[in-house]
$ cat query26.pdb   # PDB, C-alpha atoms (C1' of nucleotides)
ATOM      1  CA  MET F 200      91.625  51.693 -42.600
ATOM      2  CA  PRO F 201      93.258  48.954 -40.833
ATOM      3  CA  GLU F 202      91.719  45.594 -40.373
ATOM      4  CA  LEU F 203      93.219  42.723 -38.440
ATOM      5  CA  PRO F 204      96.277  42.138 -40.695
ATOM      6  CA  GLU F 205      97.262  45.809 -40.736
ATOM      7  CA  VAL F 206      96.803  46.155 -36.961
ATOM      8  CA  GLU F 207      98.793  42.951 -36.432
ATOM      9  CA  THR F 208     101.595  44.347 -38.609
ATOM     10  CA  ILE F 209     101.622  47.603 -36.630
ATOM     11  CA  VAL F 210     101.666  45.743 -33.301
ATOM     12  CA  ARG F 211     104.602  43.592 -34.435
ATOM     13  CA  ALA F 212     106.479  46.710 -35.559
ATOM     14  CA  LEU F 213     105.922  48.429 -32.205
ATOM     15  CA  LYS F 214     107.090  45.309 -30.450
ATOM     16  CA  HIS F 215     110.024  44.214 -32.561
ATOM     17  CA  GLY F 216     110.762  47.171 -34.826
ATOM     18  CA  GLY F 217     109.894  47.542 -38.496
ATOM     19  CA  ARG F 218     107.943  49.968 -40.701
ATOM     20  CA  GLY F 219     110.732  52.447 -40.050
ATOM     21  CA  GLY F 220     110.385  52.409 -36.274
ATOM     22  CA  ALA F 221     112.289  51.042 -33.276
ATOM     23  CA  PRO F 222     110.703  48.766 -30.667
ATOM     24  CA  ILE F 223     109.055  50.742 -27.856
ATOM     25  CA  ILE F 224     108.887  48.000 -25.234
ATOM     26  CA  GLY F 225     110.745  49.063 -22.106
ATOM     27  CA  LYS F 226     110.544  52.771 -22.917
ATOM     28  CA  LYS F 227     109.448  55.113 -20.132
ATOM     29  CA  VAL F 228     106.867  57.812 -20.862
ATOM     30  CA  SER F 229     107.837  61.390 -20.048
ATOM     31  CA  ASP F 230     104.760  63.285 -21.203
ATOM     32  CA  ALA F 231     102.023  63.496 -23.818
ATOM     33  CA  ASN F 232     100.356  65.967 -26.136
ATOM     34  CA  LEU F 233      96.761  65.827 -27.394
ATOM     35  CA  LEU F 234      96.163  67.764 -30.611
ATOM     36  CA  TRP F 235      92.530  66.759 -31.263
ATOM     37  CA  ASP F 236      90.347  66.531 -28.174
ATOM     38  CA  LYS F 237      87.992  63.795 -29.334
ATOM     39  CA  THR F 238      90.839  61.397 -30.128
ATOM     40  CA  LEU F 239      91.137  60.637 -26.397
ATOM     41  CA  SER F 240      87.952  58.849 -25.367
ATOM     42  CA  THR F 241      88.801  58.465 -21.707
ATOM     43  CA  PRO F 242      89.938  59.811 -19.266
ATOM     44  CA  SER F 243      90.251  63.604 -19.493
ATOM     45  CA  PHE F 244      93.596  64.673 -20.891
ATOM     46  CA  GLU F 245      94.558  66.089 -17.500
ATOM     47  CA  LYS F 246      94.112  62.702 -15.834
ATOM     48  CA  PHE F 247      95.641  60.930 -18.831
ATOM     49  CA  GLU F 248      98.843  62.929 -18.615
ATOM     50  CA  GLY F 249      99.133  62.331 -14.893
ATOM     51  CA  LYS F 250      98.526  58.602 -15.181
ATOM     52  CA  ILE F 251     100.719  57.867 -18.182
ATOM     53  CA  SER F 252     103.764  59.895 -17.127
ATOM     54  CA  LYS F 253     106.610  57.849 -15.619
ATOM     55  CA  THR F 254     105.037  54.536 -16.666
ATOM     56  CA  THR F 255     106.932  51.928 -18.673
ATOM     57  CA  ILE F 256     105.682  50.013 -21.713
ATOM     58  CA  LYS F 257     105.592  46.348 -20.736
ATOM     59  CA  ASP F 258     104.010  44.712 -23.771
ATOM     60  CA  ILE F 259     101.984  45.370 -26.912
ATOM     61  CA  THR F 260      99.236  43.057 -28.106
ATOM     62  CA  ARG F 261      96.211  43.060 -30.411
ATOM     63  CA  ARG F 262      92.546  42.277 -29.768
ATOM     64  CA  GLY F 263      90.357  42.474 -32.863
ATOM     65  CA  LYS F 264      91.326  45.783 -34.457
ATOM     66  CA  PHE F 265      92.511  47.298 -31.164
ATOM     67  CA  VAL F 266      96.168  47.939 -30.370
ATOM     68  CA  VAL F 267      96.659  47.187 -26.666
ATOM     69  CA  ILE F 268      99.668  48.837 -25.020
ATOM     70  CA  HIS F 269     100.374  47.341 -21.579
ATOM     71  CA  LEU F 270     101.761  49.844 -19.065
ATOM     72  CA  ASP F 271     102.805  49.300 -15.448
ATOM     73  CA  ASN F 272      99.303  49.404 -14.015
ATOM     74  CA  GLU F 273      97.087  50.408 -16.927
ATOM     75  CA  PHE F 274      96.361  49.765 -20.582
ATOM     76  CA  LEU F 275      96.391  52.203 -23.467
ATOM     77  CA  LEU F 276      94.025  50.975 -26.173
ATOM     78  CA  ILE F 277      94.033  52.499 -29.636
ATOM     79  CA  HIS F 278      91.541  51.942 -32.445
ATOM     80  CA  LEU F 279      92.710  53.290 -35.801
ATOM     81  CA  ARG F 280      89.260  53.273 -37.441
ATOM     82  CA  MET F 281      89.422  54.390 -41.084
ATOM     83  CA  SER F 282      92.603  56.402 -41.469
ATOM     84  CA  GLY F 283      94.664  56.023 -38.304
ATOM     85  CA  ASP F 284      98.278  54.940 -38.098
ATOM     86  CA  LEU F 285     100.979  54.707 -35.415
ATOM     87  CA  ARG F 286     104.455  56.065 -36.049
ATOM     88  CA  ILE F 287     107.687  55.966 -34.050
ATOM     89  CA  ASP F 288     109.847  59.072 -34.357
ATOM     90  CA  PRO F 289     113.524  58.825 -33.363
ATOM     91  CA  PRO F 290     115.280  61.719 -31.632
ATOM     92  CA  PRO F 291     115.738  64.538 -32.254
ATOM     93  CA  VAL F 292     111.970  64.779 -32.591
ATOM     94  CA  LEU F 293     110.569  67.320 -35.065
ATOM     95  CA  PRO F 294     107.360  69.377 -34.692
ATOM     96  CA  PRO F 295     104.132  67.337 -35.015
ATOM     97  CA  GLN F 296     103.227  66.204 -38.530
ATOM     98  CA  ASN F 297     100.033  67.061 -40.318
ATOM     99  CA  HIS F 298      97.117  65.043 -38.847
ATOM    100  CA  ASP F 299      99.014  63.952 -35.716
ATOM    101  CA  ARG F 300      96.308  63.704 -32.997
ATOM    102  CA  LEU F 301      98.055  62.225 -29.936
ATOM    103  CA  LEU F 302     101.774  62.230 -29.160
ATOM    104  CA  ILE F 303     103.506  60.272 -26.424
ATOM    105  CA  TYR F 304     107.044  61.287 -25.572
ATOM    106  CA  PHE F 305     109.596  58.927 -24.029
ATOM    107  CA  GLU F 306     112.453  59.770 -21.706
ATOM    108  CA  ASP F 307     115.021  58.549 -24.247
ATOM    109  CA  GLY F 308     113.839  61.126 -26.800
ATOM    110  CA  TYR F 309     111.683  58.836 -28.954
ATOM    111  CA  ARG F 310     108.034  59.680 -29.681
ATOM    112  CA  LEU F 311     104.963  57.592 -30.482
ATOM    113  CA  ALA F 312     102.564  59.453 -32.822
ATOM    114  CA  PHE F 313      98.916  58.556 -33.393
ATOM    115  CA  ASN F 314      98.252  60.098 -36.804
ATOM    116  CA  ASP F 315      94.694  60.074 -38.143
ATOM    117  CA  THR F 316      93.550  62.122 -41.129
ATOM    118  CA  ARG F 317      89.825  61.582 -40.698
ATOM    119  CA  LYS F 318      89.766  61.934 -36.882
ATOM    120  CA  PHE F 319      87.660  58.781 -36.387
ATOM    121  CA  GLY F 320      90.344  56.981 -34.382
ATOM    122  CA  ARG F 321      90.138  56.767 -30.592
ATOM    123  CA  ALA F 322      92.374  56.066 -27.579
ATOM    124  CA  TRP F 323      91.424  54.864 -24.086
ATOM    125  CA  LEU F 324      93.537  54.640 -20.943
ATOM    126  CA  VAL F 325      91.903  52.082 -18.656
ATOM    127  CA  SER F 326      92.728  49.786 -15.758
ATOM    128  CA  ASN F 327      91.212  46.770 -17.526
ATOM    129  CA  PRO F 328      91.163  46.353 -21.330
ATOM    130  CA  GLU F 329      87.892  44.432 -21.117
ATOM    131  CA  ILE F 330      86.176  47.738 -20.358
ATOM    132  CA  VAL F 331      86.776  48.568 -24.021
ATOM    133  CA  THR F 332      86.987  45.174 -25.738
ATOM    134  CA  GLY F 333      84.383  43.322 -23.677
ATOM    135  CA  ASN F 334      81.815  43.103 -26.447
ATOM    136  CA  LEU F 335      84.132  41.674 -29.088
ATOM    137  CA  GLY F 336      83.479  38.257 -30.564
ATOM    138  CA  PRO F 337      86.150  35.555 -30.817
ATOM    139  CA  GLU F 338      89.479  36.037 -32.573
ATOM    140  CA  PRO F 339      89.473  34.350 -36.000
ATOM    141  CA  PHE F 340      92.660  32.470 -35.064
ATOM    142  CA  ASP F 341      91.306  31.258 -31.719
ATOM    143  CA  THR F 342      92.152  27.550 -31.859
ATOM    144  CA  THR F 343      89.178  26.752 -29.655
ATOM    145  CA  LEU F 344      86.858  28.169 -32.327
ATOM    146  CA  MET F 345      85.853  25.037 -34.235
ATOM    147  CA  ALA F 346      84.051  24.917 -37.570
ATOM    148  CA  SER F 347      81.086  23.328 -35.816
ATOM    149  CA  ASP F 348      80.902  26.251 -33.333
ATOM    150  CA  PHE F 349      81.137  28.717 -36.189
ATOM    151  CA  TYR F 350      78.315  26.924 -38.008
ATOM    152  CA  MET F 351      76.090  27.037 -34.928
ATOM    153  CA  ARG F 352      76.783  30.721 -34.414
ATOM    154  CA  LEU F 353      75.829  31.400 -38.053
ATOM    155  CA  GLN F 354      72.633  29.392 -37.607
ATOM    156  CA  ARG F 355      71.581  31.447 -34.614
ATOM    157  CA  LYS F 356      71.621  34.676 -36.655
ATOM    158  CA  LYS F 357      69.527  35.558 -39.652
ATOM    159  CA  LYS F 358      71.533  38.317 -41.210
ATOM    160  CA  GLN F 359      73.227  38.920 -44.538
ATOM    161  CA  ILE F 360      76.549  37.096 -44.212
ATOM    162  CA  LYS F 361      78.593  40.106 -45.310
ATOM    163  CA  SER F 362      77.078  42.314 -42.591
ATOM    164  CA  LEU F 363      77.425  39.597 -39.970
ATOM    165  CA  LEU F 364      81.130  39.137 -40.698
ATOM    166  CA  LEU F 365      81.606  42.891 -40.298
ATOM    167  CA  ASP F 366      79.895  42.762 -36.890
ATOM    168  CA  GLN F 367      82.792  42.807 -34.388
ATOM    169  CA  SER F 368      80.680  41.201 -31.685
ATOM    170  CA  PHE F 369      80.231  38.166 -33.952
ATOM    171  CA  LEU F 370      83.869  37.833 -35.010
ATOM    172  CA  ALA F 371      86.638  40.314 -34.186
ATOM    173  CA  GLY F 372      88.957  41.710 -36.816
ATOM    174  CA  LEU F 373      87.365  41.511 -40.254
ATOM    175  CA  GLY F 374      86.639  44.677 -42.230
ATOM    176  CA  ASN F 375      85.420  45.411 -45.714
ATOM    177  CA  ILE F 376      88.440  44.091 -47.620
ATOM    178  CA  TYR F 377      88.809  40.762 -45.879
ATOM    179  CA  THR F 378      85.098  39.937 -45.772
ATOM    180  CA  ASP F 379      84.865  40.375 -49.538
ATOM    181  CA  GLU F 380      88.020  38.334 -50.089
ATOM    182  CA  SER F 381      86.951  35.576 -47.675
ATOM    183  CA  LEU F 382      83.459  35.273 -49.145
ATOM    184  CA  PHE F 383      84.953  35.011 -52.616
ATOM    185  CA  ARG F 384      87.371  32.282 -51.568
ATOM    186  CA  SER F 385      84.563  30.271 -50.049
ATOM    187  CA  GLY F 386      82.195  30.810 -52.991
ATOM    188  CA  ILE F 387      79.459  32.406 -50.895
ATOM    189  CA  HIS F 388      77.286  35.289 -52.119
ATOM    190  CA  PRO F 389      77.594  38.305 -49.771
ATOM    191  CA  MET F 390      73.813  38.650 -49.390
ATOM    192  CA  ARG F 391      73.156  35.037 -48.355
ATOM    193  CA  LEU F 392      71.401  34.888 -44.993
ATOM    194  CA  SER F 393      73.726  33.428 -42.361
ATOM    195  CA  ASN F 394      71.290  30.712 -41.278
ATOM    196  CA  THR F 395      71.078  29.336 -44.827
ATOM    197  CA  LEU F 396      74.753  28.319 -44.898
ATOM    198  CA  SER F 397      75.359  24.573 -44.715
ATOM    199  CA  SER F 398      77.894  23.165 -42.271
ATOM    200  CA  LYS F 399      80.232  22.531 -45.229
ATOM    201  CA  GLU F 400      79.912  26.141 -46.309
ATOM    202  CA  ALA F 401      80.536  27.353 -42.756
ATOM    203  CA  GLU F 402      83.669  25.230 -42.574
ATOM    204  CA  ARG F 403      84.867  26.536 -45.944
ATOM    205  CA  LEU F 404      84.167  30.116 -44.876
ATOM    206  CA  LEU F 405      86.090  29.836 -41.614
ATOM    207  CA  LYS F 406      89.051  28.313 -43.453
ATOM    208  CA  ALA F 407      88.864  31.046 -46.119
ATOM    209  CA  ILE F 408      88.878  33.737 -43.417
ATOM    210  CA  ARG F 409      91.928  32.224 -41.745
ATOM    211  CA  ASP F 410      93.784  31.656 -45.034
ATOM    212  CA  THR F 411      93.043  35.191 -46.242
ATOM    213  CA  LEU F 412      94.144  36.813 -42.976
ATOM    214  CA  ASN F 413      97.303  34.689 -42.776
ATOM    215  CA  GLU F 414      98.249  35.556 -46.326
ATOM    216  CA  ALA F 415      97.607  39.258 -45.692
ATOM    217  CA  ILE F 416      99.729  39.240 -42.513
ATOM    218  CA  ALA F 417     102.527  37.550 -44.454
ATOM    219  CA  HIS F 418     102.380  40.537 -46.848
ATOM    220  CA  ASN F 419     102.300  43.063 -43.944
ATOM    221  CA  GLY F 420      98.701  43.980 -44.691
ATOM    222  CA  ALA F 421      97.327  46.083 -47.527
ATOM    223  CA  SER F 422      98.150  49.693 -48.420
ATOM    224  CA  ILE F 423      95.603  51.684 -50.409
ATOM    225  CA  ASP F 424      95.826  55.319 -51.465
ATOM    226  CA  TRP F 425      97.548  57.475 -48.872
ATOM    227  CA  VAL F 426      96.307  55.370 -45.946
ATOM    228  CA  TYR F 427      98.723  52.972 -44.218
ATOM    229  CA  ARG F 428     102.138  52.262 -45.691
ATOM    230  CA  GLY F 429     104.324  49.268 -46.085
ATOM    231  CA  GLY F 430     101.861  46.493 -46.923
ATOM    232  CA  GLU F 431     101.806  44.569 -50.187
ATOM    233  CA  PHE F 432      98.609  42.542 -49.953
ATOM    234  CA  GLN F 433      96.712  44.987 -52.183
ATOM    235  CA  ASN F 434      98.524  43.283 -55.087
ATOM    236  CA  ASN F 435      96.794  40.044 -54.142
ATOM    237  CA  PHE F 436      93.184  41.231 -53.997
ATOM    238  CA  ARG F 437      90.975  38.755 -55.870
ATOM    239  CA  VAL F 438      87.770  40.840 -55.835
ATOM    240  CA  TYR F 439      88.145  43.886 -53.575
ATOM    241  CA  GLN F 440      88.223  47.007 -55.768
ATOM    242  CA  GLN F 441      88.342  44.786 -58.858
ATOM    243  CA  THR F 442      84.970  45.843 -60.312
ATOM    244  CA  GLY F 443      84.886  45.002 -64.031
ATOM    245  CA  ASN F 444      88.137  43.059 -63.929
ATOM    246  CA  PRO F 445      88.034  39.336 -64.783
ATOM    247  CA  CYS F 446      87.541  36.903 -61.916
ATOM    248  CA  PRO F 447      90.893  35.143 -61.306
ATOM    249  CA  VAL F 448      89.072  31.790 -61.321
ATOM    250  CA  CYS F 449      86.477  32.003 -64.129
ATOM    251  CA  SER F 450      87.144  35.360 -65.858
ATOM    252  CA  THR F 451      83.590  36.625 -65.316
ATOM    253  CA  PRO F 452      83.724  40.391 -64.655
ATOM    254  CA  ILE F 453      83.717  41.196 -60.930
ATOM    255  CA  GLN F 454      80.601  43.071 -59.836
ATOM    256  CA  ARG F 455      80.045  45.710 -57.177
ATOM    257  CA  LEU F 456      76.937  46.186 -55.062
ATOM    258  CA  VAL F 457      76.080  47.782 -51.744
ATOM    259  CA  VAL F 458      75.371  45.558 -48.737
ATOM    260  CA  GLY F 459      74.688  47.205 -45.396
ATOM    261  CA  GLN F 460      75.920  50.563 -46.681
ATOM    262  CA  ARG F 461      79.278  49.058 -47.664
ATOM    263  CA  GLY F 462      80.703  48.681 -51.157
ATOM    264  CA  THR F 463      80.849  44.943 -51.855
ATOM    265  CA  HIS F 464      82.784  43.094 -54.544
ATOM    266  CA  PHE F 465      82.067  39.574 -55.739
ATOM    267  CA  CYS F 466      82.085  37.181 -58.688
ATOM    268  CA  PRO F 467      78.510  36.450 -59.831
ATOM    269  CA  LYS F 468      79.516  33.041 -61.166
ATOM    270  CA  CYS F 469      81.747  31.759 -58.328
ATOM    271  CA  GLN F 470      79.412  33.226 -55.686
ATOM    272  CA  PRO F 471      75.921  32.463 -56.994
ATOM    273  CA  GLU F 472      72.907  34.023 -55.309
ATOM    274  CA  GLY F 473      70.495  31.700 -53.577
ATOM    275  CA  VAL F 474      71.012  28.565 -51.551
ATOM    276  CA  PRO F 475      72.685  25.626 -53.348
ATOM    277  CA  GLU F 476      70.680  22.367 -53.643
TER     278      GLU F 476
ATOM    279  C1'  DC Y 134      64.995  43.358 -29.694
ATOM    280  C1'  DC Y 135      66.344  44.413 -34.807
ATOM    281  C1'  DT Y 136      67.368  47.125 -39.127
ATOM    282  C1'  DG Y 137      68.766  50.805 -41.766
ATOM    283  C1'  DA Y 138      70.213  55.472 -42.172
ATOM    284  C1'  DA Y 139      72.887  59.159 -40.516
ATOM    285  C1'  DA Y 140      76.716  60.984 -38.192
ATOM    286  C1'  DC Y 141      81.512  61.542 -37.339
ATOM    287  C1'  DC Y 142      85.801  63.672 -40.697
ATOM    288  C1'  DT Y 143      89.205  64.681 -44.569
ATOM    289  C1'  DG Y 144      90.878  63.726 -48.973
ATOM    290  C1'  DT Y 145      90.715  61.989 -53.736
ATOM    291  C1'  DC Y 146      88.756  61.071 -57.944
ATOM    292  C1'  DT Y 147      85.146  61.385 -61.656
ATOM    293  C1'  DG Y 148      82.136  63.605 -64.551
ATOM    294  C1'  DC Y 149      79.771  67.627 -66.215
TER     295       DC Y 149
ATOM    296  C1'  DT B  70      89.456  75.058 -64.469
ATOM    297  C1'  DG B  71      85.722  74.706 -61.225
ATOM    298  C1'  DC B  72      82.600  72.407 -58.715
ATOM    299  C1'  DA B  73      79.239  68.960 -57.157
ATOM    300  C1'  DG B  74      78.890  64.388 -55.882
ATOM    301  C1'  DA B  75      80.446  59.833 -54.894
ATOM    302  C1'  DC B  76      83.411  57.194 -52.431
ATOM    303  C1'  DA B  77      86.946  55.535 -48.883
ATOM    304  C1'  DG B  78      90.120  50.174 -44.704
ATOM    305  C1'  DG B  79      84.956  51.693 -39.114
ATOM    306  C1'  DT B  80      81.944  52.244 -35.465
ATOM    307  C1'  DT B  81      78.294  54.549 -32.773
ATOM    308  C1'  DT B  82      73.925  56.634 -32.385
ATOM    309  C1'  DC B  83      69.382  57.431 -33.453
ATOM    310  C1'  DA B  84      64.807  56.734 -35.665
ATOM    311  C1'  DG B  85      61.342  53.521 -36.698
TER     312       DG B  85
END

$ encode --input "query26.pdb" --output "structure tokens"
Amino acid sequence: MPELPEVETIVRALKHGGRGGAPIIGKKVSDANLLWDKTLSTPSFEKFEGKISKTTIKDITRRGKFVVIHLDNEFLLIHLRMSGDLRIDPPPVLPPQNHDRLLIYFEDGYRLAFNDTRKFGRAWLVSNPEIVTGNLGPEPFDTTLMASDFYMRLQRKKKQIKSLLLDQSFLAGLGNIYTDESLFRSGIHPMRLSNTLSSKEAERLLKAIRDTLNEAIAHNGASIDWVYRGGEFQNNFRVYQQTGNPCPVCSTPIQRLVVGQRGTHFCPKCQPEGVPE
DNA sequence: CCTGAAACCTGTCTGC
DNA sequence: TGCAGACAGGTTTCAG
């Protein structure tokens, strides 16, 4: 489910409260419960329980789509994949909810629940977060990432732009929704090869990515179906899941196609195929 | 090295 | 109503 804006919203809620939960910074872990073995990538649950008990949550940050929970001497990283979510339960804590996979109990009676219907989500407890996030590309909001750098990086690859934007080692944080929305806003066809973009187009694309993500964060991300609650950005989709609806710019019906095994939405008029003159 | 397909999972919706 | 099939916010693995 969650892409950068949804993960950012969750991180802010864990840090400052919101989405029905209290801040968890400063809380001390008492123990943990793993309800689906594969959810914990590393270490073994036995070691995990020993290492996480009695530690205090120092900070919570985001890297790409990873939630990074800073503990005294280690880091708990969580990737929500398609259907994961994090929930704070106040005391008195009730029995686990349906699809809860990993529970972390605090000494003050609160509980952090990693809930994940489809079981794709993963957690890692590591001494250095880079062990997990080392292969990620730059953050879209990295102020040192200039349009000219972005253009050069696009030139070096020869891949369909939609697939390249989904590649987390190229740029960290975009998923299916925000690539479609960003490509629409920059007027670029999703199947264009990355090395055919002009420097102007690269600049427009980077700005569109940043504008789209900022707007989505301002709306607390997007909520679709039963997955992820509290966001409102789904009401602002221009093309994602708008197949057949009129383009908000030119009224041409939005089309759907498959690019790199992913459903892709675009306006055939605003995002013409082929390289412009 | 690269690309594309399959795998990992559960739930919802559509069409016959 | 039942049931098969498609599809879903992501990533890793494997075959070629």

$ residues_around --input "query26.pdb" --residues "stretch 137-148 of chain Y" --least-positions-apart "5" --cutoff "7 Å" --atoms "only C-alpha atoms (C1' of nucleotides)" --output "list in words"
Thr316, Arg317, Lys318 and Phe319 of chain F

$ resolve_selection --input "query26.pdb" --expression "the PyMOL selection byres ((chain F and resi 471) around 12)" --output "MDAnalysis selection string"
chainID F and resid 382:383 385:391 454 465:470 472:476

$ axis_aligned_box --input "query26.pdb" --around "stretch 219-235 of chain F" --padding-each-side "4 Å" --output "AutoDock Vina command-line options"
--center_x 102.4 --center_y 57.9 --center_z -30.0 --size_x 27.8 --size_y 27.8 --size_z 28.0

$ interface_residues --input "query26.pdb" --of "chain B" --to "chain F" --cutoff "10 Å" --atoms "only C-alpha atoms (C1' of nucleotides)" --output "list of chain:residue names"
B:DC76, B:DA77, B:DG78, B:DG79, B:DT80

$ resolve_selection --input "query26.pdb" --expression "the PyMOL selection byres ((chain F and resi 297) around 10)" --output "list in words"
Pro294, Pro295, Gln296, His298, Asp299, Arg300, Asn314, Asp315 and Thr316 of chain F

$ atom_distance --input "query26.pdb" --atom1 "atom CA of F:Lys358" --atom2 "atom CA of F:Gly459"
10.3 Å

$ atom_distance --input "query26.pdb" --atom1 "atom CA of F:Thr255" --atom2 "atom CA of F:Ala312"
16.6 Å

$ resolve_selection --input "query26.pdb" --expression "the PyMOL selection byres ((chain F and resi 440) around 10)" --output "ChimeraX atom specification"
/F:376,379,433,436-439,441-444,453-455,462-465

$ atom_distance --input "query26.pdb" --atom1 "atom CA of F:Arg409" --atom2 "atom CA of F:Asn334"
21.3 Å

$ closest_residue --input "query26.pdb" --among "F:Ala212, F:Ala221, F:Val292, F:Ile303" --to "F:Glu248" --atoms "all atoms listed in the file"
F:Ile303

$ residues_near_point --input "query26.pdb" --point "(86.2, 32.3, -31.8)" --cutoff "9 Å" --atoms "all atoms listed in the file" --output "PyMOL selection string"
chain F and resi 336-345+348-349+369-371

$ closest_residue --input "query26.pdb" --among "F:Thr451, F:Thr260, F:Thr208, F:Ser362" --to "chain Y" --atoms "all atoms listed in the file"
F:Ser362

$ closest_residue --input "query26.pdb" --among "F:Cys446, F:Ala407, F:Lys237, F:Gly220" --to "chain Y" --atoms "all atoms listed in the file"
F:Lys237

$ decode --input "query26.pdb" --residues "stretch 388-394 of chain F" --atoms "all heavy atoms" --output "CSV table (one decimal), in the first residue's frame"
chain,number,residue,atom,x,y,z
F,388,HIS,N,4.7,10.4,-21.4
F,388,HIS,CA,4.1,9.0,-21.6
F,388,HIS,C,4.8,8.0,-20.8
F,388,HIS,O,6.1,8.0,-20.8
F,388,HIS,CB,4.1,8.7,-23.1
F,388,HIS,CG,3.3,7.5,-23.4
F,388,HIS,ND1,3.7,6.2,-23.1
F,388,HIS,CD2,2.1,7.3,-24.0
F,388,HIS,CE1,2.8,5.3,-23.5
F,388,HIS,NE2,1.8,6.0,-24.1
F,389,PRO,N,4.1,7.1,-20.1
F,389,PRO,CA,4.8,6.2,-19.1
F,389,PRO,C,5.7,5.2,-19.8
F,389,PRO,O,6.6,4.7,-19.1
F,389,PRO,CB,3.6,5.4,-18.5
F,389,PRO,CG,2.4,5.7,-19.3
F,389,PRO,CD,2.6,7.1,-19.9
F,390,MET,N,5.6,5.0,-21.1
F,390,MET,CA,6.5,4.1,-21.8
F,390,MET,C,7.7,4.7,-22.5
F,390,MET,O,8.5,4.0,-23.0
F,390,MET,CB,5.7,3.2,-22.8
F,390,MET,CG,4.6,2.4,-22.2
F,390,MET,SD,3.6,1.4,-23.3
F,390,MET,CE,4.6,0.0,-23.5
F,391,ARG,N,7.8,6.0,-22.4
F,391,ARG,CA,9.0,6.7,-22.9
F,391,ARG,C,10.2,6.1,-22.3
F,391,ARG,O,10.3,5.9,-21.1
F,391,ARG,CB,8.9,8.2,-22.6
F,391,ARG,CG,8.0,9.0,-23.5
F,391,ARG,CD,8.6,9.5,-24.8
F,391,ARG,NE,9.8,10.3,-24.6
F,391,ARG,CZ,9.8,11.6,-24.3
F,391,ARG,NH1,8.6,12.2,-24.1
F,391,ARG,NH2,10.9,12.3,-24.2
F,392,LEU,N,11.3,5.9,-23.1
F,392,LEU,CA,12.5,5.5,-22.6
F,392,LEU,C,13.2,6.6,-21.9
F,392,LEU,O,13.2,7.8,-22.4
F,392,LEU,CB,13.4,4.9,-23.7
F,392,LEU,CG,12.9,3.6,-24.4
F,392,LEU,CD1,13.8,3.1,-25.4
F,392,LEU,CD2,12.6,2.5,-23.3
F,393,SER,N,13.8,6.3,-20.7
F,393,SER,CA,14.3,7.4,-19.8
F,393,SER,C,15.4,8.3,-20.5
F,393,SER,O,15.5,9.5,-20.3
F,393,SER,CB,14.9,6.8,-18.6
F,393,SER,OG,15.9,5.8,-18.9
F,394,ASN,N,16.2,7.6,-21.4
F,394,ASN,CA,17.3,8.4,-22.1
F,394,ASN,C,16.8,9.3,-23.2
F,394,ASN,O,17.5,10.0,-23.9
F,394,ASN,CB,18.4,7.5,-22.5
F,394,ASN,CG,17.9,6.5,-23.6
F,394,ASN,OD1,16.7,6.2,-23.7
F,394,ASN,ND2,18.8,6.0,-24.4
